[in-house]
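S.K.: The following file, upload_8.tsv, comprises TSV, C-alpha atoms:
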```tsv
chain	number	residue	atom	x	y	z
A	1	MET	CA	85.34	111.07	7.98
A	2	THR	CA	87.32	114.27	8.33
A	3	VAL	CA	89.78	114.46	11.24
A	4	ARG	CA	90.07	117.85	12.92
A	5	TRP	CA	93.74	118.04	13.87
A	6	LYS	CA	93.70	121.50	15.36
A	7	PRO	CA	91.66	120.71	18.53
A	8	LEU	CA	93.72	117.56	19.11
A	9	ILE	CA	96.94	119.51	18.92
A	10	VAL	CA	95.57	122.11	21.38
A	11	LEU	CA	94.45	119.41	23.84
A	12	SER	CA	97.79	117.62	23.56
A	13	GLY	CA	99.58	120.86	24.32
A	14	LEU	CA	97.31	121.49	27.30
A	15	PHE	CA	97.99	118.01	28.73
A	16	LEU	CA	101.72	118.56	28.23
A	17	VAL	CA	101.60	121.86	30.14
A	18	VAL	CA	99.68	120.23	33.03
A	19	ALA	CA	102.20	117.39	33.17
A	20	VAL	CA	105.13	119.82	33.24
A	21	LEU	CA	103.50	121.88	36.01
A	22	GLY	CA	102.86	118.73	38.07
A	23	LEU	CA	106.48	117.65	37.67
A	24	LEU	CA	107.69	121.09	38.73
A	25	ALA	CA	105.42	120.93	41.80
A	26	PHE	CA	106.97	117.64	42.84
A	27	VAL	CA	110.48	118.98	42.30
A	28	LEU	CA	110.15	122.49	43.70
A	29	VAL	CA	107.63	121.97	46.55
A	30	PRO	CA	109.10	119.62	49.20
A	31	PRO	CA	106.69	117.09	50.73
A	32	TYR	CA	105.73	117.60	54.37
A	33	GLY	CA	107.62	115.58	56.97
A	34	SER	CA	107.17	114.70	60.63
A	35	ASP	CA	108.65	118.05	61.72
A	36	ASP	CA	105.80	119.83	59.94
A	37	VAL	CA	103.15	117.85	61.84
A	38	LEU	CA	104.66	117.69	65.34
A	39	PRO	CA	103.97	121.36	66.26
A	40	MET	CA	100.28	120.78	65.50
A	41	ALA	CA	100.32	117.59	67.60
A	42	ARG	CA	101.91	119.38	70.55
A	43	ALA	CA	99.46	122.28	70.28
A	44	GLU	CA	96.47	119.92	70.37
A	45	TRP	CA	98.05	118.06	73.30
A	46	LYS	CA	98.62	121.32	75.21
A	47	ALA	CA	94.96	122.21	74.63
A	48	LYS	CA	94.04	118.76	76.06
A	49	LYS	CA	92.43	117.73	72.77
A	50	TYR	CA	93.98	114.31	73.06
A	51	ASP	CA	92.10	112.55	70.25
A	52	ARG	CA	93.11	115.22	67.76
A	53	ALA	CA	96.68	115.26	69.07
A	54	LEU	CA	96.86	111.49	68.59
A	55	ILE	CA	95.82	111.85	64.95
A	56	GLN	CA	98.62	114.36	64.35
A	57	PHE	CA	101.17	112.14	66.11
A	58	GLN	CA	100.05	109.22	63.96
A	59	ARG	CA	100.56	111.34	60.83
A	60	ALA	CA	104.08	112.15	62.03
A	61	LEU	CA	104.79	108.46	62.63
A	62	GLN	CA	103.55	107.59	59.15
A	63	LYS	CA	106.35	109.79	57.83
A	64	ASP	CA	108.96	108.64	60.36
A	65	PRO	CA	107.83	105.38	62.01
A	66	LYS	CA	111.22	104.63	63.60
A	67	ASN	CA	111.64	107.97	65.32
A	68	ALA	CA	112.13	107.06	68.98
A	69	GLU	CA	111.62	110.65	70.15
A	70	ILE	CA	108.13	110.79	68.63
A	71	HIS	CA	107.19	107.51	70.32
A	72	GLU	CA	108.36	108.97	73.66
A	73	GLN	CA	106.23	112.07	73.14
A	74	VAL	CA	103.20	109.91	72.38
A	75	ALA	CA	103.83	107.95	75.58
A	76	ALA	CA	104.03	111.20	77.57
A	77	MET	CA	100.74	112.33	76.02
A	78	TYR	CA	99.09	109.04	77.04
A	79	ALA	CA	100.30	109.55	80.63
A	80	ASP	CA	98.82	113.06	80.67
A	81	TRP	CA	95.60	111.75	79.11
A	82	ALA	CA	95.27	109.07	81.80
A	83	GLU	CA	95.59	111.70	84.54
A	84	ALA	CA	92.87	113.79	82.91
A	85	VAL	CA	90.50	110.84	82.27
A	86	PRO	CA	90.90	108.25	85.07
A	87	ALA	CA	88.11	106.07	83.64
A	88	LYS	CA	90.34	105.23	80.64
A	89	ARG	CA	93.50	104.72	82.72
A	90	GLY	CA	93.82	100.97	82.08
A	91	ASP	CA	93.57	101.24	78.29
A	92	LEU	CA	95.80	104.32	78.16
A	93	ARG	CA	98.45	102.61	80.30
A	94	ALA	CA	98.60	99.75	77.79
A	95	ARG	CA	98.99	102.23	74.91
A	96	ARG	CA	101.66	104.17	76.81
A	97	LEU	CA	103.68	101.02	77.47
A	98	ARG	CA	103.46	100.09	73.79
A	99	SER	CA	104.76	103.52	72.77
A	100	LEU	CA	107.60	103.34	75.31
A	101	ALA	CA	108.51	99.85	74.08
A	102	ASP	CA	108.69	101.22	70.52
A	103	ALA	CA	110.85	104.11	71.74
A	104	ALA	CA	113.22	101.61	73.37
A	105	LYS	CA	113.18	99.40	70.26
A	106	TYR	CA	114.11	102.20	67.85
A	107	GLY	CA	116.30	104.13	70.31
A	108	ARG	CA	118.93	101.56	71.21
A	109	GLN	CA	120.92	104.04	73.29
A	110	ARG	CA	117.99	105.87	74.90
A	111	ALA	CA	117.80	105.31	78.65
A	112	GLU	CA	114.62	107.28	79.39
A	113	PRO	CA	112.03	104.92	77.84
A	114	ARG	CA	113.67	101.99	79.64
A	115	ARG	CA	113.67	103.93	82.91
A	116	LEU	CA	109.94	104.66	82.55
A	117	LEU	CA	109.12	101.07	81.61
A	118	LEU	CA	111.05	99.80	84.64
A	119	ALA	CA	109.32	102.26	86.98
A	120	ASP	CA	105.90	101.18	85.69
A	121	ALA	CA	106.72	97.48	86.05
A	122	LEU	CA	107.91	98.02	89.63
A	123	ARG	CA	104.82	100.01	90.49
A	124	HIS	CA	102.60	97.20	89.23
A	125	ASP	CA	104.67	94.38	90.77
A	126	GLU	CA	105.48	92.84	87.38
A	127	TRP	CA	108.74	91.14	88.28
A	128	ALA	CA	109.66	89.59	84.92
A	129	GLU	CA	109.20	92.94	83.16
A	130	SER	CA	111.14	94.72	85.92
A	131	LEU	CA	114.08	92.35	85.52
A	132	HIS	CA	114.06	92.70	81.72
A	133	TRP	CA	114.17	96.50	81.73
A	134	ALA	CA	116.66	96.65	84.62
A	135	ARG	CA	119.10	94.56	82.60
A	136	GLU	CA	118.65	96.87	79.59
A	137	LEU	CA	118.94	100.07	81.60
A	138	VAL	CA	122.14	99.48	83.61
A	139	PRO	CA	124.49	99.49	80.57
A	140	LEU	CA	123.00	102.86	79.55
A	141	ASP	CA	122.80	104.39	83.05
A	142	ALA	CA	125.20	102.92	85.58
A	143	GLU	CA	123.58	104.94	88.41
A	144	ALA	CA	119.96	103.87	87.83
A	145	ALA	CA	118.75	103.08	91.36
A	146	ASP	CA	115.61	101.19	90.30
A	147	ALA	CA	117.66	98.87	88.10
A	148	HIS	CA	120.23	98.15	90.82
A	149	TYR	CA	117.44	97.39	93.31
A	150	VAL	CA	115.86	94.83	90.98
A	151	LEU	CA	119.16	93.21	90.05
A	152	ALA	CA	120.26	93.03	93.71
A	153	LEU	CA	117.07	91.18	94.69
A	154	ASP	CA	117.38	88.89	91.68
A	155	ALA	CA	120.93	87.95	92.76
A	156	ILE	CA	119.78	87.32	96.36
A	157	ASP	CA	116.82	85.17	95.27
A	158	ALA	CA	118.98	83.00	93.00
A	159	GLN	CA	119.75	79.41	93.99
A	160	PRO	CA	122.40	79.57	95.28
A	161	PRO	CA	122.39	83.31	96.05
A	162	ARG	CA	124.91	85.40	94.11
A	163	LEU	CA	125.93	87.52	97.08
A	164	ALA	CA	128.98	89.15	95.48
A	165	GLU	CA	126.76	90.38	92.64
A	166	ALA	CA	124.12	91.56	95.12
A	167	ARG	CA	126.71	93.61	97.00
A	168	THR	CA	127.86	95.18	93.73
A	169	HIS	CA	124.32	96.41	93.04
A	170	LEU	CA	123.84	97.42	96.67
A	171	GLU	CA	126.76	99.89	96.60
A	172	PRO	CA	125.06	102.54	94.39
A	173	LEU	CA	121.87	102.20	96.46
A	174	GLN	CA	123.76	102.85	99.71
A	175	LYS	CA	125.56	105.76	98.08
A	176	ARG	CA	122.50	107.50	96.63
A	177	GLU	CA	119.61	106.52	98.96
A	178	PRO	CA	121.01	104.97	102.18
A	179	ASN	CA	117.89	105.56	104.30
A	180	ARG	CA	115.33	104.43	101.77
A	181	PRO	CA	113.29	101.38	102.93
A	182	ARG	CA	114.12	99.32	99.86
A	183	THR	CA	117.86	99.89	100.39
A	184	VAL	CA	117.59	98.73	104.00
A	185	TRP	CA	115.58	95.71	102.83
A	186	VAL	CA	118.32	94.64	100.40
A	187	GLN	CA	120.93	95.09	103.14
A	188	ALA	CA	118.84	93.00	105.54
A	189	GLN	CA	118.51	90.26	102.93
A	190	VAL	CA	122.28	90.14	102.44
A	191	ALA	CA	122.85	90.07	106.23
A	192	GLU	CA	120.33	87.24	106.62
A	193	GLN	CA	121.87	85.20	103.80
A	194	THR	CA	125.36	85.57	105.31
A	195	ASN	CA	124.13	84.84	108.88
A	196	ASP	CA	125.43	88.22	110.03
A	197	GLU	CA	123.13	88.51	113.07
A	198	ALA	CA	124.75	91.68	114.41
A	199	ALA	CA	124.26	93.53	111.13
A	200	LEU	CA	120.70	92.22	110.79
A	201	THR	CA	119.84	93.39	114.31
A	202	ASP	CA	121.20	96.87	113.56
A	203	LEU	CA	119.29	97.07	110.28
A	204	LEU	CA	116.01	96.02	111.88
A	205	GLN	CA	116.57	98.65	114.55
A	206	ILE	CA	117.02	101.23	111.80
A	207	SER	CA	113.90	99.97	110.00
A	208	ARG	CA	111.72	100.70	113.05
A	209	SER	CA	112.42	104.41	112.67
A	210	LEU	CA	111.90	104.58	108.90
A	211	PRO	CA	109.03	106.87	107.85
A	212	ALA	CA	105.82	105.25	106.65
A	213	ALA	CA	104.00	107.88	104.62
A	214	ASP	CA	100.77	107.04	102.78
A	215	ASP	CA	102.05	108.81	99.67
A	216	ALA	CA	105.38	106.93	99.65
A	217	ASP	CA	106.44	104.87	96.66
A	218	PRO	CA	104.59	101.50	96.78
A	219	VAL	CA	107.91	99.70	96.27
A	220	ASP	CA	109.21	101.34	99.46
A	221	ARG	CA	106.01	100.57	101.33
A	222	MET	CA	106.24	96.90	100.33
A	223	ALA	CA	109.90	96.83	101.38
A	224	LEU	CA	108.91	98.36	104.72
A	225	LEU	CA	106.23	95.68	105.22
A	226	ARG	CA	108.81	92.97	104.48
A	227	LEU	CA	111.13	94.54	107.07
A	228	ARG	CA	108.28	94.58	109.62
A	229	VAL	CA	107.56	90.90	108.95
A	230	LEU	CA	111.25	89.99	109.19
A	231	ASP	CA	111.41	91.90	112.48
A	232	ALA	CA	108.40	90.00	113.82
A	233	ARG	CA	110.07	86.69	112.98
A	234	GLN	CA	113.02	87.41	115.25
A	235	PRO	CA	113.11	85.85	118.77
A	236	THR	CA	111.60	88.33	121.20
A	237	GLU	CA	109.60	88.84	124.38
A	238	ALA	CA	105.84	88.41	124.27
A	239	ASN	CA	105.01	92.10	124.80
A	240	THR	CA	107.51	93.17	122.12
A	241	LEU	CA	106.04	90.63	119.68
A	242	ALA	CA	102.61	92.24	120.06
A	243	GLU	CA	104.12	95.63	119.18
A	244	ARG	CA	105.84	94.20	116.11
A	245	ILE	CA	102.67	92.49	114.93
A	246	ASP	CA	100.86	95.81	115.26
A	247	ALA	CA	103.57	97.43	113.12
A	248	VAL	CA	102.94	94.72	110.51
A	249	ARG	CA	99.21	95.48	110.65
A	250	VAL	CA	99.73	99.21	110.07
A	251	GLU	CA	101.88	98.66	106.97
A	252	ALA	CA	99.68	95.88	105.53
A	253	GLU	CA	96.49	97.91	105.88
A	254	ARG	CA	98.18	100.98	104.41
A	255	LEU	CA	99.25	99.00	101.34
A	256	ALA	CA	95.90	97.24	100.98
A	257	GLY	CA	94.13	100.59	101.20
A	258	ASP	CA	95.74	101.85	98.01
A	259	PRO	CA	92.98	103.46	95.87
A	260	GLU	CA	94.31	101.52	92.88
A	261	PRO	CA	95.35	98.14	94.36
A	262	VAL	CA	97.72	96.03	92.28
A	263	PRO	CA	96.56	92.38	92.23
A	264	GLY	CA	100.09	90.98	92.33
A	265	ARG	CA	100.98	93.14	95.30
A	266	VAL	CA	97.81	92.16	97.19
A	267	ALA	CA	98.62	88.48	96.65
A	268	GLY	CA	102.18	89.14	97.81
A	269	ILE	CA	100.95	90.82	101.00
A	270	GLY	CA	98.65	87.88	101.73
A	271	ARG	CA	101.35	85.26	101.20
A	272	LEU	CA	103.81	87.28	103.27
A	273	LEU	CA	101.39	87.41	106.19
A	274	ASP	CA	100.56	83.71	105.76
A	275	SER	CA	104.26	82.86	106.00
A	276	LEU	CA	104.56	84.91	109.19
A	277	GLN	CA	101.56	83.18	110.70
A	278	ASP	CA	102.99	79.76	109.81
A	279	HIS	CA	106.35	80.72	111.31
A	280	LEU	CA	104.76	81.86	114.56
A	281	THR	CA	102.71	78.65	114.72
A	282	LYS	CA	105.87	76.56	114.40
A	283	THR	CA	107.65	78.57	117.11
A	284	ALA	CA	104.62	78.76	119.40
A	285	LYS	CA	106.37	76.88	122.19
A	286	THR	CA	108.66	79.88	122.78
A	287	VAL	CA	105.68	82.14	123.46
A	288	PRO	CA	102.97	81.79	126.15
A	289	ASP	CA	99.74	80.19	124.87
A	290	ASP	CA	97.57	83.26	125.44
A	291	THR	CA	100.05	85.50	123.62
A	292	ASN	CA	100.34	83.03	120.75
A	293	LYS	CA	96.56	82.83	120.35
A	294	ALA	CA	96.21	86.61	120.48
A	295	THR	CA	98.99	87.00	117.88
A	296	SER	CA	97.44	84.38	115.60
A	297	ASP	CA	94.01	86.00	115.86
A	298	ALA	CA	95.50	89.43	115.17
A	299	LEU	CA	97.26	88.18	112.04
A	300	GLU	CA	94.13	86.43	110.81
A	301	THR	CA	92.22	89.68	111.23
A	302	ILE	CA	94.89	91.60	109.32
A	303	ILE	CA	94.85	89.08	106.47
A	304	GLY	CA	91.06	89.20	106.32
A	305	THR	CA	91.15	93.00	106.16
A	306	VAL	CA	93.75	92.98	103.38
A	307	TYR	CA	91.83	90.53	101.20
A	308	GLY	CA	88.53	92.18	102.08
A	309	LYS	CA	89.76	95.50	100.68
A	310	ALA	CA	91.35	93.85	97.66
A	311	THR	CA	88.19	91.92	96.70
A	312	ASP	CA	85.86	94.87	97.25
A	313	PRO	CA	84.04	95.50	93.91
A	314	ALA	CA	85.04	99.17	94.20
A	315	ALA	CA	88.69	98.08	93.92
A	316	SER	CA	88.03	96.34	90.55
A	317	PRO	CA	89.55	93.00	91.60
A	318	ASP	CA	90.70	90.48	89.00
A	319	PRO	CA	90.71	86.64	89.11
A	320	SER	CA	94.27	86.46	90.46
A	321	THR	CA	93.24	88.41	93.57
A	322	TYR	CA	90.49	85.90	94.31
A	323	GLN	CA	92.92	83.08	93.56
A	324	ALA	CA	95.35	84.32	96.23
A	325	TYR	CA	92.49	84.76	98.72
A	326	ALA	CA	91.16	81.26	97.98
A	327	GLU	CA	94.65	79.77	98.49
A	328	HIS	CA	94.82	81.44	101.90
A	329	LEU	CA	91.39	80.13	102.91
A	330	LEU	CA	92.21	76.63	101.67
A	331	THR	CA	95.40	76.45	103.75
A	332	ARG	CA	93.25	77.38	106.77
A	333	GLN	CA	90.73	74.67	105.71
A	334	LYS	CA	87.90	77.18	105.57
A	335	ARG	CA	85.89	75.31	103.00
A	336	GLU	CA	82.75	77.43	102.57
A	337	PRO	CA	84.48	80.87	102.46
A	338	CYS	CA	87.02	79.39	100.03
A	339	LEU	CA	84.30	78.12	97.68
A	340	ASP	CA	82.53	81.48	97.94
A	341	ALA	CA	85.72	83.36	96.96
A	342	ILE	CA	86.25	80.97	94.04
A	343	ALA	CA	82.68	81.46	92.81
A	344	LYS	CA	83.06	85.25	92.92
A	345	GLY	CA	86.38	85.07	91.08
A	346	LEU	CA	84.96	82.87	88.32
A	347	ALA	CA	81.91	85.15	88.01
A	348	LEU	CA	84.10	88.10	86.98
A	349	PRO	CA	83.86	88.99	83.26
A	350	ALA	CA	87.69	88.92	83.13
A	351	ALA	CA	87.71	85.21	84.08
A	352	LYS	CA	86.24	84.42	80.64
A	353	ARG	CA	88.97	86.24	78.73
A	354	PRO	CA	91.95	84.37	77.25
A	355	ALA	CA	94.43	86.52	79.20
A	356	TRP	CA	93.07	85.16	82.49
A	357	THR	CA	92.79	81.50	81.52
A	358	GLY	CA	95.59	80.49	83.92
A	359	ALA	CA	93.97	82.23	86.89
A	360	ALA	CA	90.55	80.77	86.03
A	361	MET	CA	92.00	77.25	85.83
A	362	GLY	CA	93.79	77.83	89.14
A	363	LEU	CA	90.50	78.85	90.74
A	364	ARG	CA	88.80	75.69	89.46
A	365	GLU	CA	91.63	73.53	90.80
A	366	LEU	CA	91.32	75.20	94.20
A	367	GLY	CA	87.57	74.63	94.04
A	368	VAL	CA	88.07	70.90	93.60
A	369	LYS	CA	90.48	70.78	96.54
A	370	ALA	CA	88.12	72.81	98.73
A	371	ALA	CA	85.17	70.61	97.81
A	372	LEU	CA	87.12	67.50	98.79
A	373	LEU	CA	87.69	68.87	102.29
A	374	ASP	CA	84.20	67.46	102.98
A	375	THR	CA	83.95	64.08	101.28
```
Give the structure from the file, written as structure tokens.
M.R.:
Amino acid sequence: MTVRWKPLIVLSGLFLVVAVLGLLAFVLVPPYGSDDVLPMARAEWKAKKYDRALIQFQRALQKDPKNAEIHEQVAAMYADWAEAVPAKRGDLRARRLRSLADAAKYGRQRAEPRRLLLADALRHDEWAESLHWARELVPLDAEAADAHYVLALDAIDAQPPRLAEARTHLEPLQKREPNRPRTVWVQAQVAEQTNDEAALTDLLQISRSLPAADDADPVDRMALLRLRVLDARQPTEANTLAERIDAVRVEAERLAGDPEPVPGRVAGIGRLLDSLQDHLTKTAKTVPDDTNKATSDALETIIGTVYGKATDPAASPDPSTYQAYAEHLLTRQKREPCLDAIAKGLALPAAKRPAWTGAAMGLRELGVKAALLDT
């Protein structure tokens, strides 16, 4: 067989030329990086084409996965997306928090992602998360008011209370926002712990004139409710007690009427009102019987209104909301309403998910206790 060398030599030369050109392309043409993709991502985001913007951000993160600034931008896009599409708010919040957590993880000295994570945790009454991010934020921003508020309450709630530490965190709050309800609440807690009755009386007097706007920060509104409850617990005349209970009602109904109720906050409101009712029952001898009954009935109505709004299907309640309501009904020995609340809580699709196993088990335990009220 005759071998034709000429075509082979030509083909070999052609392959060599292609290889050289490919090598030159790699050397002379730089590969694209995250900076090349980010302008496209921002343009899609500005045009509210969020799905396409997300793809471009993901391309940028493939090139630079530890870039904290990109993770922050993605989180900001998710926040904007949630405002534009409220139906997806829950899922987008989870994605936003994940992006902010990555920004904090890769940006060890970046205060902003920690500030945003703390603000979100406070808004959703997630205390453990609030405490975690407050502790991370203070070393990076010594004036962060949210962080000092959380750390002050944590010091007060400790056993025994760390009052010197609480005062340290209270100072920047008094300096920056002296008339804010949450600042007054921390001051009142310190005064109560130190048995400073004069200071507590003055602070409660101040609290009565604090504004109570519907659009106020929910943390402030909850602090204002706590101040109203603390005020109602103080020794007073019968007619003044009725006024203070009415002030409690106004704040509780305002908080419970939030268009996006937070389950943890609803449960907190209910337990706070329960504690006030128990306190007034124990001190009933200091108040005329008719006034005591009227006060008790008024509080029971307020509590029923709060839980009624929180368990309304339109409010998208979760098992923990029904658990708090069932606990309230059980303490009042209202067997049938308690069992009804438990049944509704267990019927929720969320009650079958692993994340809600604890709440579902709590509901079943309450169901057993309620059933045994009638042997």
S.K.: If I take CA of Ala247 in chain A and CA of Glu171 in chain A, how far is one from the other in Å, to one decimal?
M.R.: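 Going from CA of Ala247 in chain A over to CA of Glu171 in chain A, I get 28.6 Å.
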S.K.: Report as JSON, numbers by chain all protein, DNA and RNA residues lying within 12 Å of Asp202 in chain A, evaluated on only C-alpha atoms, omitting residues in the same chain fewer than 6 positions from it.
M.R.: {"A": [184, 187, 188, 191, 192, 196, 208, 209, 231]}
S.K.: Using only C-alpha atoms, pick whichever of A:Asn195, A:Gln56, A:Thr375, A:Thr240 has the shortest atom-to-atom distance to Arg42 in chain A.
M.R.: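 Nearest candidate to Arg42 in chain A out of A:Asn195, A:Gln56, A:Thr375, A:Thr240: A:Gln56.
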S.K.: Near range 269-278 of chain A, counting all atoms listed in the file, which residues have an atom at most 10 Å away, once you skip same-chain residues fewer than 5 positions from it, shown as a PyMOL selection string?
M.R.: chain A and resi 222+225-226+229-230+232-233+245+248-249+251-253+255-256+263-264+283-284+295-300+302-304+306-307+321+324-325+327-328+331-332
S.K.: Find the residue from A:Arg95, A:Lys63, A:Lys344, A:Arg167 that sits nearest to Ala82 in chain A; use only C-alpha atoms when measuring.
M.R.: A:Arg95
S.K.: Counting only C-alpha atoms, which of A:Gln193, A:Ser130, A:Val186, A:Leu116 gets nearest to Pro161 in chain A?
M.R.: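 Counting only C-alpha atoms, the residue closest to Pro161 in chain A is A:Gln193.
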S.K.: Nearest to Ile55 in chain A: which of A:Asp246, A:Ile156, A:Glu197, A:Val74 is it, counting all atoms listed in the file?
M.R.: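 Smallest separation from Ile55 in chain A among the options: A:Val74.
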S.K.: State, in Å with one decimal place, the distance from CA of Leu227 in chain A to CA of Leu204 in chain A.
M.R.: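 Straight-line distance from CA of Leu227 in chain A to CA of Leu204 in chain A works out to 7.0 Å.
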S.K.: Find the spatial neighbours of Ala111 in chain A, counting all atoms listed in the file, within a cut-off of 8 Å - ignore same-chain residues fewer than 5 positions away - and output them as a VMD selection string.
M.R.: chain A and resid 104 137 140 to 141
S.K.: List as a list in words the protein and nucleic acid residues near Asp35 in chain A, meaning an atom at most 12 Å away when all atoms listed in the file are counted, but skip any in the same chain fewer than 5 places from it.
M.R.: Met40, Ala41, Arg42, Gln56, Phe57, Arg59, Ala60, Leu61, Gln62, Lys63, Asp64, Asn67, Glu69 and Ile70 of chain A
S.K.: Give me a file of those residues, with C-alpha atoms, as a PDB file, in the coordinates of the input.
M.R.:
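Result file follows (selection15.pdb):
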```
ATOM      1  CA  MET A  40     100.280 120.780  65.500  1.00  0.00           C
ATOM      2  CA  ALA A  41     100.320 117.590  67.600  1.00  0.00           C
ATOM      3  CA  ARG A  42     101.910 119.380  70.550  1.00  0.00           C
ATOM      4  CA  GLN A  56      98.620 114.360  64.350  1.00  0.00           C
ATOM      5  CA  PHE A  57     101.170 112.140  66.110  1.00  0.00           C
ATOM      6  CA  ARG A  59     100.560 111.340  60.830  1.00  0.00           C
ATOM      7  CA  ALA A  60     104.080 112.150  62.030  1.00  0.00           C
ATOM      8  CA  LEU A  61     104.790 108.460  62.630  1.00  0.00           C
ATOM      9  CA  GLN A  62     103.550 107.590  59.150  1.00  0.00           C
ATOM     10  CA  LYS A  63     106.350 109.790  57.830  1.00  0.00           C
ATOM     11  CA  ASP A  64     108.960 108.640  60.360  1.00  0.00           C
ATOM     12  CA  ASN A  67     111.640 107.970  65.320  1.00  0.00           C
ATOM     13  CA  GLU A  69     111.620 110.650  70.150  1.00  0.00           C
ATOM     14  CA  ILE A  70     108.130 110.790  68.630  1.00  0.00           C
TER      15      ILE A  70
END
```
S.K.: Which value, in Å to one decimal, gives the distance between CA of Asp318 in chain A and CA of Asp220 in chain A?
M.R.: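 These atoms are spaced 23.9 Å apart.
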S.K.: With all atoms listed in the file as the basis for distance, which of A:Arg244, A:Ala158, A:Gln205, A:Lys105 is at the shortest distance from Trp133 in chain A?
M.R.: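 The closest residue to Trp133 in chain A is A:Lys105.
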S.K.: Identify which of the residues A:Arg364, A:His169, A:Lys175, A:Lys66 lies closest to Arg108 in chain A, counting all atoms listed in the file when measuring atom-to-atom distances.
M.R.: A:Lys66
